[in-house]
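Asks: This is the structure, below, for whatever I ask next.
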Amino acid sequence: MRGEVRGLTHEGHTRDVEQVYLRCSQGSLEWLYPTGAIIVNLRPNTLSPAAARLSVCIKPTTDSSGTNVYLDRNGKLRLLLQEQEQAQGKVHCFGIQEGAIFIEAIPRTDISRRITAFQYELVSDRLGADANSVGAHCQPCSDAEILLAVCTSDFVARGKINKVVQEEEHSSITVEMSRLYRQKTQVFVSGGVRGRRWTGRIKMSVHCGVRSGEGEFLFTGTVRFGEAWMGCAPRYKDFLRLYQEAQQQGTNPCHVDTD
């Protein structure tokens, strides 16, 4: 989905505000030559109670300009992104219950070169508002969360960690997979003999303290704006034990080929 909203107008002291409704789980919005303000309402196409626990992540383009971005909850505004911050192209997340996105144009005499543009995605609460933040903490997944992650994650793979790079706000690990069970988009590429190996990068918080080393893991996680982010990642031998126990008890939420 791609939305495009053209410029609004000021009349005296009256501020025109246009309501925009986006119902897709991911997409993009462009506001050309912004004046006035718009309110972007994200309305997922589901009546499930889980929809209230979704988080919204937005990623402005590096040339986005001309506006400030706020969260609007019952008419009260909270600043989310100043104009100069949009050029950094960083991901910002918030709970869907925290309000609609209020985008206000900065008054200027020449708006001909101003375009506000960003991508957005709705994500589950576990991988939501804290997943990209500098202060995010890594908490071990419970047995139930691991089994559910195998069934519901954007990617699921068995492999090892080859390299860890510590960046300013996150760690990036280079992984090599011997088995790729699923990937939502092609974040991992095939190679090796007969294409039976896959490589790629997975991001996670710097606080996870991950290190390269021996042993295989079961990597699960979400794909956000074309990048893989780590979810649950138990050692493969631990997952195998857990999966086999659940299989014997008949409590597995889905089947995984572990042969």
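Letters for chains follow the order of the structure tokens (A, B, ...), residue numbers begin at 1 for each chain, and ligand numbers begin at 1 in the order shown.
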Leaving out Arg158 in chain A and any residue of its chain fewer than 4 positions from it, which residues lie within 12 Å of it when counting only C-alpha atoms, given as number ranges by chain?
Replies: A: 150, 175-182, 196-199, 215-220, 233-237, 239-240, 256-259
Asks: Going by DSSP on the backbone, which bits of range 63-234 of chain A are alpha helix (DSSP H)? Write them as a ChimeraX atom specification, please.
Replies: /A:83-86,143-152
Asks: My list of candidates is A:Val56, A:Leu71, A:Val123, A:Ala144. Which is closest to Gly95 in chain A when distances are computed with only C-alpha atoms?
Replies: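 Result for the nearest residue to Gly95 in chain A: A:Val56.
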Asks: Contacts of Val20 in chain A at 7 Å or less, counting only C-alpha atoms, minus same-chain residues fewer than 5 places along, as a PDB file with N, CA, C and O atoms, in the first residue's frame?
Replies:
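Output below, filename result20.pdb:
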```
ATOM      1  N   ILE A  39      -3.688  14.052  10.181  1.00  0.00           N
ATOM      2  CA  ILE A  39      -3.692  13.023  11.212  1.00  0.00           C
ATOM      3  C   ILE A  39      -3.770  11.674  10.519  1.00  0.00           C
ATOM      4  O   ILE A  39      -4.696  11.420   9.740  1.00  0.00           O
ATOM      5  N   VAL A  40      -2.794  10.817  10.772  1.00  0.00           N
ATOM      6  CA  VAL A  40      -2.745   9.494  10.159  1.00  0.00           C
ATOM      7  C   VAL A  40      -3.235   8.474  11.186  1.00  0.00           C
ATOM      8  O   VAL A  40      -2.617   8.277  12.234  1.00  0.00           O
ATOM      9  N   ASN A  41      -4.371   7.852  10.874  1.00  0.00           N
ATOM     10  CA  ASN A  41      -4.965   6.850  11.745  1.00  0.00           C
ATOM     11  C   ASN A  41      -4.669   5.461  11.190  1.00  0.00           C
ATOM     12  O   ASN A  41      -5.037   5.149  10.053  1.00  0.00           O
TER      13      ASN A  41
END
```
Asks: Would you please extract all strand (DSSP E) residues from range 49-170 of chain A, as assigned by DSSP on the backbone, and give them as a PyMOL selection string?
Replies: chain A and resi 55-60+67-73+76-81+92-95+100-105+115-123+155-166
Asks: A:Glu214, A:Ala117, A:Met204, A:Ser124: which is nearest Gly159 in chain A, counting only C-alpha atoms?
Replies: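 Of the candidates, the smallest distance to Gly159 in chain A is held by A:Glu214.
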Asks: Compare A:Val164, A:Ala51, A:Leu80, A:Met230 by their minimum atom-to-atom distance to Ser212 in chain A, counting only C-alpha atoms, and give me the closest one.
Replies: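 The closest residue to Ser212 in chain A is A:Val164.
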Asks: Please measure the separation of CA of Thr61 in chain A and CA of Phe102 in chain A, giving the value in Å to one decimal.
Replies: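 One can read the CA of Thr61 in chain A to CA of Phe102 in chain A distance as 17.2 Å.
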Asks: So which one's closest to Glu30 in chain A, A:Thr116, A:Thr222, A:Thr62, A:Gln88? Using only C-alpha atoms, please.
Replies: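 Ranked by minimum distance to Glu30 in chain A, first place goes to A:Thr116.
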Asks: Leaving out Gly226 in chain A and any residue of its chain fewer than 3 positions from it, which residues lie within 10 Å of it when counting only C-alpha atoms, given as a ChimeraX atom specification?
Replies: /A:184-187,222-223,229
Asks: Would you kindly return, as a PDB file with N, CA and C atoms, in the first residue's frame, each protein, DNA or RNA residue with an atom no farther than 12 Å from any atom of Lys59 in chain A, considering only C-alpha atoms and excluding same-chain residues fewer than 2 positions away?
Replies:
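Just written: selection.pdb:
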```pdb
ATOM      1  N   GLN A  26       1.394  -2.840   6.688  1.00  0.00           N
ATOM      2  CA  GLN A  26       2.627  -2.126   6.371  1.00  0.00           C
ATOM      3  C   GLN A  26       2.404  -1.329   5.097  1.00  0.00           C
ATOM      4  N   GLY A  27       3.195  -0.290   4.924  1.00  0.00           N
ATOM      5  CA  GLY A  27       3.041   0.539   3.739  1.00  0.00           C
ATOM      6  C   GLY A  27       3.891   1.790   3.849  1.00  0.00           C
ATOM      7  N   SER A  28       3.545   2.798   3.085  1.00  0.00           N
ATOM      8  CA  SER A  28       4.308   4.044   3.086  1.00  0.00           C
ATOM      9  C   SER A  28       3.367   5.212   2.840  1.00  0.00           C
ATOM     10  N   LEU A  29       3.825   6.380   3.209  1.00  0.00           N
ATOM     11  CA  LEU A  29       3.052   7.604   3.017  1.00  0.00           C
ATOM     12  C   LEU A  29       3.972   8.720   2.556  1.00  0.00           C
ATOM     13  N   VAL A  56       3.379   0.258  16.523  1.00  0.00           N
ATOM     14  CA  VAL A  56       3.579   0.897  15.218  1.00  0.00           C
ATOM     15  C   VAL A  56       5.025   1.329  15.123  1.00  0.00           C
ATOM     16  N   CYS A  57       5.691   0.977  14.048  1.00  0.00           N
ATOM     17  CA  CYS A  57       7.055   1.436  13.794  1.00  0.00           C
ATOM     18  C   CYS A  57       7.065   2.255  12.511  1.00  0.00           C
ATOM     19  N   THR A  61      12.185   8.564   5.453  1.00  0.00           N
ATOM     20  CA  THR A  61      13.241   8.560   4.449  1.00  0.00           C
ATOM     21  C   THR A  61      14.271   9.622   4.827  1.00  0.00           C
ATOM     22  N   THR A  62      15.486   9.467   4.355  1.00  0.00           N
ATOM     23  CA  THR A  62      16.558  10.393   4.748  1.00  0.00           C
ATOM     24  C   THR A  62      16.387  11.786   4.154  1.00  0.00           C
ATOM     25  N   ASP A  63      15.506  11.931   3.150  1.00  0.00           N
ATOM     26  CA  ASP A  63      15.256  13.259   2.591  1.00  0.00           C
ATOM     27  C   ASP A  63      13.901  13.814   3.021  1.00  0.00           C
ATOM     28  N   SER A  64      13.286  13.194   4.015  1.00  0.00           N
ATOM     29  CA  SER A  64      12.008  13.674   4.532  1.00  0.00           C
ATOM     30  C   SER A  64      12.208  15.004   5.254  1.00  0.00           C
ATOM     31  N   VAL A  69       6.612  15.606  13.645  1.00  0.00           N
ATOM     32  CA  VAL A  69       5.699  14.475  13.810  1.00  0.00           C
ATOM     33  C   VAL A  69       5.406  14.286  15.299  1.00  0.00           C
ATOM     34  N   LEU A  80       7.209  13.277  18.613  1.00  0.00           N
ATOM     35  CA  LEU A  80       7.847  12.007  18.272  1.00  0.00           C
ATOM     36  C   LEU A  80       9.107  12.229  17.444  1.00  0.00           C
ATOM     37  N   LEU A  81       9.034  13.127  16.453  1.00  0.00           N
ATOM     38  CA  LEU A  81      10.156  13.360  15.544  1.00  0.00           C
ATOM     39  C   LEU A  81      10.191  14.820  15.111  1.00  0.00           C
ATOM     40  N   GLU A  85      15.495  15.421  12.779  1.00  0.00           N
ATOM     41  CA  GLU A  85      15.719  14.021  13.157  1.00  0.00           C
ATOM     42  C   GLU A  85      15.305  13.051  12.053  1.00  0.00           C
ATOM     43  N   GLN A  86      14.403  13.473  11.188  1.00  0.00           N
ATOM     44  CA  GLN A  86      13.916  12.588  10.136  1.00  0.00           C
ATOM     45  C   GLN A  86      15.028  12.193   9.162  1.00  0.00           C
ATOM     46  N   ALA A  87      15.988  13.078   8.958  1.00  0.00           N
ATOM     47  CA  ALA A  87      17.078  12.805   8.018  1.00  0.00           C
ATOM     48  C   ALA A  87      17.966  11.643   8.465  1.00  0.00           C
ATOM     49  N   GLN A  88      17.887  11.268   9.743  1.00  0.00           N
ATOM     50  CA  GLN A  88      18.683  10.143  10.239  1.00  0.00           C
ATOM     51  C   GLN A  88      18.126   8.807   9.774  1.00  0.00           C
ATOM     52  N   GLY A  89      16.871   8.787   9.360  1.00  0.00           N
ATOM     53  CA  GLY A  89      16.264   7.565   8.844  1.00  0.00           C
ATOM     54  C   GLY A  89      16.146   6.451   9.865  1.00  0.00           C
ATOM     55  N   LYS A  90      16.053   6.791  11.150  1.00  0.00           N
ATOM     56  CA  LYS A  90      15.982   5.781  12.197  1.00  0.00           C
ATOM     57  C   LYS A  90      14.545   5.330  12.413  1.00  0.00           C
ATOM     58  N   VAL A  91      14.412   4.100  12.909  1.00  0.00           N
ATOM     59  CA  VAL A  91      13.100   3.531  13.196  1.00  0.00           C
ATOM     60  C   VAL A  91      12.638   4.002  14.577  1.00  0.00           C
ATOM     61  N   HIS A  92      11.384   4.423  14.660  1.00  0.00           N
ATOM     62  CA  HIS A  92      10.776   4.825  15.922  1.00  0.00           C
ATOM     63  C   HIS A  92       9.484   4.039  16.105  1.00  0.00           C
ATOM     64  N   CYS A  93       9.291   3.476  17.295  1.00  0.00           N
ATOM     65  CA  CYS A  93       8.132   2.622  17.550  1.00  0.00           C
ATOM     66  C   CYS A  93       7.335   3.135  18.738  1.00  0.00           C
ATOM     67  N   THR A 116       7.420  15.133   2.999  1.00  0.00           N
ATOM     68  CA  THR A 116       7.496  14.275   4.172  1.00  0.00           C
ATOM     69  C   THR A 116       7.135  12.860   3.745  1.00  0.00           C
ATOM     70  N   ALA A 117       8.010  11.899   4.028  1.00  0.00           N
ATOM     71  CA  ALA A 117       7.776  10.522   3.582  1.00  0.00           C
ATOM     72  C   ALA A 117       8.299   9.547   4.624  1.00  0.00           C
ATOM     73  N   PHE A 118       7.518   8.507   4.871  1.00  0.00           N
ATOM     74  CA  PHE A 118       7.979   7.456   5.778  1.00  0.00           C
ATOM     75  C   PHE A 118       7.301   6.134   5.449  1.00  0.00           C
ATOM     76  N   GLN A 119       7.957   5.056   5.868  1.00  0.00           N
ATOM     77  CA  GLN A 119       7.372   3.721   5.826  1.00  0.00           C
ATOM     78  C   GLN A 119       6.832   3.406   7.208  1.00  0.00           C
ATOM     79  N   TYR A 120       5.839   2.528   7.255  1.00  0.00           N
ATOM     80  CA  TYR A 120       5.320   2.116   8.551  1.00  0.00           C
ATOM     81  C   TYR A 120       5.056   0.613   8.543  1.00  0.00           C
ATOM     82  N   GLU A 121       5.094   0.021   9.737  1.00  0.00           N
ATOM     83  CA  GLU A 121       4.761  -1.382   9.907  1.00  0.00           C
ATOM     84  C   GLU A 121       4.074  -1.560  11.257  1.00  0.00           C
ATOM     85  N   LEU A 122       3.114  -2.469  11.309  1.00  0.00           N
ATOM     86  CA  LEU A 122       2.510  -2.889  12.568  1.00  0.00           C
ATOM     87  C   LEU A 122       3.189  -4.180  13.007  1.00  0.00           C
ATOM     88  N   ASN A 132      13.972  -1.647  19.050  1.00  0.00           N
ATOM     89  CA  ASN A 132      15.041  -0.869  18.432  1.00  0.00           C
ATOM     90  C   ASN A 132      15.672   0.136  19.381  1.00  0.00           C
ATOM     91  N   ARG A 224      11.852  -6.319   9.675  1.00  0.00           N
ATOM     92  CA  ARG A 224      11.346  -4.951   9.787  1.00  0.00           C
ATOM     93  C   ARG A 224      12.053  -4.057   8.777  1.00  0.00           C
ATOM     94  N   PHE A 225      11.273  -3.499   7.874  1.00  0.00           N
ATOM     95  CA  PHE A 225      11.808  -2.617   6.838  1.00  0.00           C
ATOM     96  C   PHE A 225      12.971  -3.272   6.099  1.00  0.00           C
ATOM     97  N   GLY A 226      12.786  -4.565   5.790  1.00  0.00           N
ATOM     98  CA  GLY A 226      13.772  -5.298   5.011  1.00  0.00           C
ATOM     99  C   GLY A 226      14.971  -5.797   5.789  1.00  0.00           C
TER     100      GLY A 226
END
```
Asks: Hey, can you check how far CA of His207 in chain A sits from CA of Ser171 in chain A?
Replies: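 The value is 8.5 Å.
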Asks: Choose the residue, out of A:Leu54, A:Ser190, A:Ser172, A:Glu227, that has the smallest atom-to-atom separation from Lys203 in chain A; count only C-alpha atoms.
Replies: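 Ranking A:Leu54, A:Ser190, A:Ser172, A:Glu227 by distance to Lys203 in chain A, first place goes to A:Ser172.
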Asks: Which of these residues is nearest to Cys208 in chain A, using only C-alpha atoms: A:Ile101, A:Ile161, A:Pro140, A:Arg241?
Replies: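 Using only C-alpha atoms, the shortest distance to Cys208 in chain A belongs to A:Pro140.
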Asks: Please identify all polymer residues within 8 Å of range 250-253 of chain A, counting only C-alpha atoms, omitting same-chain residues fewer than 6 positions from it, and present them as a CSV table (one decimal) with C-alpha atoms, in the first residue's frame.
Replies:
```
chain,number,residue,atom,x,y,z
A,147,LEU,CA,7.6,-23.1,20.5
A,148,LEU,CA,5.2,-20.3,19.4
A,151,CYS,CA,5.3,-21.2,14.2
A,243,TYR,CA,10.3,-29.7,20.9
```
Asks: Quick one, how far is CA of Asp110 in chain A from CA of Thr67 in chain A?
Replies: 13.3 Å
Asks: Would you kindly return, as number ranges by chain, each protein, DNA or RNA residue with an atom no farther than 12 Å from any atom of Arg78 in chain A, considering only C-alpha atoms and excluding same-chain residues fewer than 4 positions away?
Replies: A: 68-74, 82, 94, 98-103
